[in-house]
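*Asks:* Just model-v9.cif, nothing more (mmCIF, C-alpha atoms):
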data_start
loop_
_atom_site.label_atom_id
_atom_site.label_comp_id
_atom_site.auth_asym_id
_atom_site.auth_seq_id
_atom_site.Cartn_x
_atom_site.Cartn_y
_atom_site.Cartn_z
CA MET A 15 -68.18 -42.45 -90.30
CA ARG A 16 -69.33 -38.85 -90.69
CA ILE A 17 -68.95 -36.50 -87.71
CA LEU A 18 -70.17 -32.93 -87.19
CA VAL A 19 -68.01 -30.76 -84.94
CA ALA A 20 -69.78 -27.62 -83.65
CA GLU A 21 -67.21 -25.53 -81.78
CA ASP A 22 -66.25 -21.84 -81.99
CA GLU A 23 -62.64 -22.07 -80.78
CA ARG A 24 -60.63 -22.53 -83.98
CA ALA A 25 -57.58 -24.08 -82.31
CA ILE A 26 -59.76 -26.76 -80.68
CA VAL A 27 -61.56 -27.39 -83.97
CA ASP A 28 -58.25 -27.82 -85.81
CA ASP A 29 -56.98 -30.30 -83.19
CA ILE A 30 -60.21 -32.30 -83.23
CA ARG A 31 -60.35 -32.36 -87.02
CA ARG A 32 -56.76 -33.58 -87.37
CA SER A 33 -57.28 -36.29 -84.76
CA LEU A 34 -60.55 -37.53 -86.21
CA GLU A 35 -59.31 -37.50 -89.80
CA ALA A 36 -56.25 -39.49 -88.70
CA GLN A 37 -58.77 -42.11 -87.50
CA GLN A 38 -60.41 -42.07 -90.96
CA TYR A 39 -63.55 -40.17 -89.95
CA ILE A 40 -65.16 -37.65 -92.31
CA VAL A 41 -65.36 -34.32 -90.45
CA VAL A 42 -67.70 -31.37 -91.04
CA THR A 43 -67.11 -28.23 -88.93
CA VAL A 44 -69.38 -25.32 -87.98
CA PHE A 45 -68.60 -22.41 -85.68
CA ASP A 46 -71.89 -21.09 -84.33
CA GLY A 47 -75.18 -22.43 -83.06
CA GLU A 48 -77.37 -21.25 -85.92
CA GLU A 49 -75.23 -23.03 -88.49
CA ALA A 50 -75.03 -26.12 -86.28
CA LEU A 51 -78.82 -26.24 -85.98
CA PHE A 52 -79.30 -25.95 -89.74
CA VAL A 53 -76.64 -28.47 -90.74
CA GLY A 54 -77.69 -30.96 -88.07
CA GLU A 55 -81.31 -30.81 -89.19
CA ASN A 56 -80.57 -31.14 -92.91
CA GLU A 57 -77.60 -33.52 -93.17
CA ASN A 58 -76.95 -36.99 -91.81
CA PHE A 59 -74.17 -37.64 -89.30
CA ASP A 60 -73.06 -40.69 -87.37
CA LEU A 61 -72.05 -38.49 -84.42
CA VAL A 62 -72.00 -34.84 -83.32
CA ILE A 63 -69.45 -33.16 -81.06
CA LEU A 64 -71.29 -30.11 -79.71
CA ASP A 65 -69.89 -27.25 -77.64
CA LEU A 66 -72.41 -25.77 -75.19
CA GLY A 67 -70.92 -22.27 -75.41
CA LEU A 68 -71.61 -21.58 -79.09
CA PRO A 69 -72.29 -17.99 -80.26
CA LYS A 70 -75.63 -16.93 -81.81
CA LEU A 71 -77.42 -19.97 -80.38
CA ASP A 72 -76.14 -21.95 -77.41
CA GLY A 73 -75.44 -25.65 -77.71
CA LEU A 74 -78.12 -26.72 -75.27
CA THR A 75 -80.80 -24.95 -77.33
CA VAL A 76 -79.43 -26.51 -80.52
CA LEU A 77 -79.55 -29.97 -78.95
CA ARG A 78 -83.11 -29.54 -77.69
CA ARG A 79 -84.30 -28.40 -81.13
CA TRP A 80 -82.59 -31.34 -82.81
CA ARG A 81 -84.34 -33.75 -80.49
CA LEU A 82 -87.71 -32.01 -81.01
CA ALA A 83 -87.11 -32.43 -84.74
CA ARG A 84 -86.47 -36.15 -84.06
CA ARG A 85 -82.81 -36.00 -85.02
CA GLY A 86 -81.43 -39.04 -83.24
CA MET A 87 -77.68 -38.97 -83.95
CA PRO A 88 -75.44 -39.50 -80.90
CA VAL A 89 -74.24 -36.22 -79.38
CA LEU A 90 -71.10 -35.70 -77.31
CA ILE A 91 -71.25 -32.32 -75.59
CA LEU A 92 -68.21 -30.23 -74.73
CA THR A 93 -68.32 -27.73 -71.90
CA ALA A 94 -65.80 -25.43 -70.23
CA ARG A 95 -68.07 -25.27 -67.17
CA ASP A 96 -67.33 -28.00 -64.65
CA ASP A 97 -70.77 -27.67 -63.06
CA TRP A 98 -72.79 -30.82 -62.50
CA ARG A 99 -75.98 -28.89 -63.31
CA ASP A 100 -74.76 -28.15 -66.85
CA LYS A 101 -73.99 -31.83 -67.34
CA VAL A 102 -77.39 -32.90 -66.02
CA ASP A 103 -79.13 -30.34 -68.26
CA GLY A 104 -77.18 -31.62 -71.25
CA MET A 105 -77.99 -35.26 -70.62
CA ASP A 106 -81.64 -34.49 -69.92
CA SER A 107 -81.82 -32.54 -73.18
CA GLY A 108 -80.73 -35.57 -75.19
CA ALA A 109 -76.92 -35.70 -75.03
CA ASP A 110 -75.33 -39.15 -74.99
CA ASP A 111 -72.06 -38.20 -73.29
CA TYR A 112 -70.09 -35.14 -72.18
CA LEU A 113 -66.49 -34.02 -71.89
CA THR A 114 -65.16 -31.10 -69.86
CA LYS A 115 -62.53 -28.76 -71.30
CA PRO A 116 -59.60 -29.01 -71.26
CA PHE A 117 -59.50 -32.65 -72.31
CA ARG A 118 -57.00 -35.09 -73.74
CA MET A 119 -57.62 -35.97 -77.37
CA GLU A 120 -57.16 -39.67 -76.60
CA GLU A 121 -60.18 -39.50 -74.28
CA LEU A 122 -62.31 -37.73 -76.87
CA LEU A 123 -61.43 -40.35 -79.49
CA ALA A 124 -62.25 -43.18 -77.06
CA ARG A 125 -65.63 -41.62 -76.29
CA VAL A 126 -66.31 -41.16 -80.01
CA ARG A 127 -65.55 -44.83 -80.70
CA ALA A 128 -67.77 -45.93 -77.82
CA LEU A 129 -70.71 -43.78 -78.94
CA VAL A 130 -70.46 -44.98 -82.55
CA ARG A 131 -70.35 -48.60 -81.36
CA ARG A 132 -73.31 -48.07 -79.06
CA SER A 133 -75.40 -46.43 -81.78
CA THR A 134 -74.94 -49.45 -84.06
CA GLY A 135 -75.37 -52.09 -81.35
CA GLN A 136 -71.68 -53.04 -81.14
CA SER A 137 -70.01 -53.74 -77.79
CA SER A 138 -66.39 -54.34 -78.80
CA PRO A 139 -63.82 -52.02 -80.41
CA VAL A 140 -62.97 -54.95 -82.71
CA LEU A 141 -65.71 -55.43 -85.30
CA SER A 142 -65.97 -58.95 -86.69
CA ASN A 143 -68.29 -61.24 -88.60
CA GLY A 144 -66.23 -64.38 -88.00
CA VAL A 145 -63.68 -64.08 -90.80
CA LEU A 146 -63.23 -60.34 -91.27
CA GLU A 147 -61.97 -58.24 -88.34
CA LEU A 148 -61.51 -54.50 -88.05
CA ASP A 149 -59.80 -52.98 -85.01
CA THR A 150 -61.18 -49.46 -84.63
CA ARG A 151 -58.39 -48.49 -82.21
CA GLN A 152 -55.49 -49.51 -84.45
CA ARG A 153 -57.35 -48.99 -87.75
CA ALA A 154 -56.22 -52.48 -88.74
CA VAL A 155 -57.99 -55.04 -90.92
CA SER A 156 -57.49 -58.81 -90.97
CA PHE A 157 -59.11 -61.58 -93.00
CA TYR A 158 -59.01 -65.18 -91.72
CA GLY A 159 -56.43 -63.92 -89.20
CA SER A 160 -54.05 -62.46 -91.80
CA PRO A 161 -53.48 -58.68 -91.97
CA VAL A 162 -54.82 -56.88 -95.02
CA GLN A 163 -53.45 -53.56 -96.21
CA VAL A 164 -56.26 -51.18 -97.14
CA THR A 165 -56.43 -47.55 -98.20
CA PRO A 166 -58.16 -44.98 -95.95
CA LEU A 167 -61.23 -45.04 -98.22
CA GLU A 168 -61.36 -48.83 -98.20
CA TYR A 169 -61.08 -48.78 -94.41
CA ARG A 170 -63.98 -46.32 -94.11
CA LEU A 171 -66.15 -48.51 -96.33
CA LEU A 172 -65.38 -51.68 -94.35
CA ALA A 173 -65.92 -49.86 -91.05
CA TYR A 174 -69.28 -48.48 -92.18
CA LEU A 175 -70.54 -51.83 -93.45
CA LEU A 176 -69.26 -53.75 -90.41
CA HIS A 177 -70.87 -51.27 -88.03
CA ASN A 178 -74.10 -52.06 -89.91
CA ALA A 179 -73.38 -55.75 -90.52
CA GLY A 180 -76.42 -57.67 -91.72
CA THR A 181 -78.20 -54.52 -92.90
CA VAL A 182 -78.29 -53.55 -96.58
CA MET A 183 -76.96 -50.01 -96.97
CA SER A 184 -77.87 -48.02 -100.06
CA GLN A 185 -75.21 -46.44 -102.25
CA SER A 186 -76.34 -42.97 -101.21
CA GLN A 187 -76.08 -43.86 -97.50
CA ILE A 188 -72.59 -45.25 -97.99
CA THR A 189 -71.44 -42.37 -100.16
CA ASP A 190 -72.67 -39.79 -97.64
CA SER A 191 -70.75 -41.53 -94.87
CA ILE A 192 -67.38 -42.33 -96.47
CA TYR A 193 -66.74 -39.44 -98.85
CA ASP A 194 -65.84 -35.88 -97.91
CA GLN A 195 -68.48 -33.67 -99.54
CA ASP A 196 -65.75 -31.29 -100.72
CA VAL A 197 -64.12 -34.04 -102.78
CA GLU A 198 -65.47 -34.77 -106.25
CA HIS A 199 -65.97 -38.42 -107.13
CA ASP A 200 -67.39 -40.26 -110.14
CA SER A 201 -70.79 -41.92 -110.00
CA ASN A 202 -69.15 -45.35 -110.19
CA ALA A 203 -66.45 -44.57 -107.59
CA LEU A 204 -68.09 -46.75 -104.94
CA GLU A 205 -68.22 -49.74 -107.27
CA VAL A 206 -64.49 -49.33 -107.90
CA VAL A 207 -63.72 -49.36 -104.15
CA VAL A 208 -65.91 -52.45 -103.63
CA ALA A 209 -64.15 -54.23 -106.52
CA ARG A 210 -60.72 -53.46 -105.01
CA LEU A 211 -61.77 -54.86 -101.64
CA ARG A 212 -63.16 -58.00 -103.21
CA ARG A 213 -59.79 -58.61 -104.85
CA LYS A 214 -58.05 -58.20 -101.49
CA LEU A 215 -60.61 -60.33 -99.59
CA ASP A 216 -63.10 -62.38 -101.62
CA ASN A 217 -66.49 -61.94 -103.25
CA SER A 218 -68.43 -63.34 -100.27
CA VAL A 219 -67.43 -60.53 -97.90
CA ILE A 220 -69.33 -57.66 -99.51
CA GLU A 221 -72.59 -58.75 -101.10
CA THR A 222 -74.41 -56.73 -103.75
CA ARG A 223 -78.18 -56.52 -103.46
CA ARG A 224 -79.33 -55.25 -106.83
CA GLY A 225 -81.42 -52.13 -106.62
CA GLN A 226 -80.74 -51.87 -102.89
CA GLY A 227 -77.05 -51.52 -102.13
CA TYR A 228 -74.32 -53.46 -100.32
CA VAL A 229 -74.14 -55.56 -97.17
CA ILE A 230 -71.54 -57.42 -95.15
CA PRO A 231 -73.23 -60.51 -93.63
CA ALA A 232 -73.43 -60.42 -89.85
CA GLU A 233 -71.76 -63.83 -89.65
CA LEU A 234 -69.49 -65.76 -92.00
CA SER A 235 -68.17 -69.13 -90.91
CA ARG A 236 -64.55 -70.10 -91.32
CA SER A 237 -64.25 -72.79 -93.96
#
Please rewrite the model in this file as structure tokens.
*Replies:*
Amino acid sequence: MRILVAEDERAIVDDIRRSLEAQQYIVVTVFDGEEALFVGENENFDLVILDLGLPKLDGLTVLRRWRLARRGMPVLILTARDDWRDKVDGMDSGADDYLTKPFRMEELLARVRALVRRSTGQSSPVLSNGVLELDTRQRAVSFYGSPVQVTPLEYRLLAYLLHNAGTVMSQSQITDSIYDQDVEHDSNALEVVVARLRRKLDNSVIETRRGQGYVIPAELSRS
């Protein structure tokens, strides 16, 4: 899943980036409100972590403009001000959750997982369609109850498709969500990853819809 982190304190950004990337998220970072506004309006993200005290343009203004522009991605706001009014203003402006600095990284990661699940209609940290299971806390995959070793890229693909189980996702949507934009990849790279996963699982898990993209069925019965 692709996450935008808008925060001006470099040490905090580095800690958040390392923690999120260890959980196999793709992370994009910006350090002021003007850049956050532009990137958030012109690129797609599964979640935004937004500091309220950004320079050039404060986070609350950025959030309000995103919502006016009908940008609906979940937003977790960070604030150093433990004032209930700031939290109310943030939630009323369109935030989905908030976290007060200083915070423990484990709590931020738990809130991120919950917001991503909520945005895709999932209620459990374990994503499953009956035969394939993915534990978002342990980053573990199992098929018919047996553990499957997957690469970080394979994990990101399975997580993205399971979060959107039953919905056909286009190649461009998948590519935007699982690849770091700074990393070059061939035009057929996604097909290679899908082929590897099919060898590890089976052909029924990831279906190809020609001209449309890929889908993991919402339910597969054990046979």
*Asks:* Here's a test: counting all atoms listed in the file, identify every protein, DNA and RNA residue with an atom at most 7 Å from (-70.7, -60.5, -89.5) in the file's coordinate frame, and state them as a PyMOL selection string.
*Replies:* chain A and resi 142-144+176+179-180+230-234
*Asks:* What residues come out when you apply the PyMOL selection byres ((chain A and resi 55) around 10) to this file, written as a list of chain:residue names?
*Replies:* A:Glu49, A:Ala50, A:Leu51, A:Phe52, A:Val53, A:Gly54, A:Asn56, A:Glu57, A:Asn58, A:Phe59, A:Val76, A:Arg79, A:Trp80, A:Arg81, A:Ala83, A:Arg84, A:Arg85
*Asks:* Calculated over only C-alpha atoms, which of the candidates A:Ala209, A:Val41, A:Thr189, A:Val182 has the smallest distance to Tyr228 (chain A)?
*Replies:*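 Counting only C-alpha atoms, the residue closest to Tyr228 (chain A) is A:Val182.
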*Asks:* Of the residues A:Leu82, A:Leu61, A:Ile30, A:Val155, which is the one nearest to Glu120 (chain A), using all atoms listed in the file?
*Replies:*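 Of the candidates, the smallest distance to Glu120 (chain A) is held by A:Ile30.
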*Asks:* Using the chain letters and numbers from the file, which residues does the PyMOL selection byres ((chain A and resi 154) around 12) grab, as JSON, numbers by chain?
*Replies:* {"A": [37, 38, 139, 140, 141, 142, 146, 147, 148, 149, 150, 151, 152, 153, 155, 156, 157, 159, 160, 161, 162, 163, 164, 165, 166, 168, 169, 170, 172, 173]}
*Asks:* CA of Asp100 (chain A) to CA of Leu68 (chain A): how many Å, to one decimal?
*Replies:*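 Computing the Euclidean distance for CA of Asp100 (chain A) and CA of Leu68 (chain A) yields 14.2 Å.
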*Asks:* To one decimal in Å, tell me the separation between CA of Gly73 (chain A) and CA of Arg131 (chain A).
*Replies:* 23.8 Å
*Asks:* Counting only C-alpha atoms, write as a PyMOL selection string all protein and nucleic acid residues lying at most 12 Å from (-74.6, -19.0, -79.4) in the file's frame.
*Replies:* chain A and resi 20-22+44-51+64-76
*Asks:* How far is it from CA of Asp216 (chain A) to CA of Ala128 (chain A), in Å with one decimal?
*Replies:*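 Rounded to one decimal, the two atoms are 29.3 Å apart.
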*Asks:* Set the distance at 8 Å and use all atoms listed in the file: which residues neighbour Ser184 (chain A) once local chain neighbours fewer than 3 positions away are removed? I'd like the list as a list in words.
*Replies:*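 Listed by chain and then number, they are Gln187, Ile188, Gln226, Gly227 and Tyr228 of chain A.
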*Asks:* Check what the PyMOL selection byres ((chain A and resi 208) around 10) selects in the file above and give those residues as an mmCIF file with C-alpha atoms, in the coordinates of the input.
*Replies:*
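Result written to out20.cif:
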data_model
loop_
_atom_site.group_PDB
_atom_site.id
_atom_site.type_symbol
_atom_site.label_atom_id
_atom_site.label_comp_id
_atom_site.auth_asym_id
_atom_site.auth_seq_id
_atom_site.Cartn_x
_atom_site.Cartn_y
_atom_site.Cartn_z
ATOM 1 C CA GLU A 168 -61.360 -48.830 -98.200
ATOM 2 C CA LEU A 171 -66.150 -48.510 -96.330
ATOM 3 C CA LEU A 172 -65.380 -51.680 -94.350
ATOM 4 C CA ALA A 203 -66.450 -44.570 -107.590
ATOM 5 C CA LEU A 204 -68.090 -46.750 -104.940
ATOM 6 C CA GLU A 205 -68.220 -49.740 -107.270
ATOM 7 C CA VAL A 206 -64.490 -49.330 -107.900
ATOM 8 C CA VAL A 207 -63.720 -49.360 -104.150
ATOM 9 C CA ALA A 209 -64.150 -54.230 -106.520
ATOM 10 C CA ARG A 210 -60.720 -53.460 -105.010
ATOM 11 C CA LEU A 211 -61.770 -54.860 -101.640
ATOM 12 C CA ARG A 212 -63.160 -58.000 -103.210
ATOM 13 C CA ARG A 213 -59.790 -58.610 -104.850
ATOM 14 C CA LYS A 214 -58.050 -58.200 -101.490
ATOM 15 C CA ASN A 217 -66.490 -61.940 -103.250
ATOM 16 C CA ILE A 220 -69.330 -57.660 -99.510
ATOM 17 C CA GLU A 221 -72.590 -58.750 -101.100
ATOM 18 C CA THR A 222 -74.410 -56.730 -103.750
ATOM 19 C CA TYR A 228 -74.320 -53.460 -100.320
#
*Asks:* Can you list, as a PyMOL selection string, every protein, DNA or RNA residue that comes within 12 Å of Ile26 (chain A) when you count all atoms listed in the file, leaving out same-chain residues fewer than 5 positions away?
*Replies:* chain A and resi 19-21+31-33+43+45+63+65+92+115-119+122
*Asks:* Closest to Arg16 (chain A) among A:Ile192, A:Val145, A:Ser186, A:Val126, using all atoms listed in the file?
*Replies:* A:Ile192
*Asks:* Here is a test: counting only C-alpha atoms, which residue of A:Ala36, A:Met183, A:Val62, A:Ala94 is nearest to Gly225 (chain A)?
*Replies:* A:Met183
*Asks:* For Val27 (chain A), which residue among A:Val42, A:Met15, A:Leu77, A:Leu90 is the nearest when counting all atoms listed in the file?
*Replies:*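 Going through A:Val42, A:Met15, A:Leu77, A:Leu90 one by one, the smallest distance to Val27 (chain A) is for A:Val42.
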*Asks:* With all atoms listed in the file as the atoms that count, which of A:Asn202, A:Tyr158, A:Tyr174, A:Leu129 lies nearest to Leu215 (chain A)?
*Replies:*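 Among A:Asn202, A:Tyr158, A:Tyr174, A:Leu129, it is A:Tyr158 that comes nearest to Leu215 (chain A).
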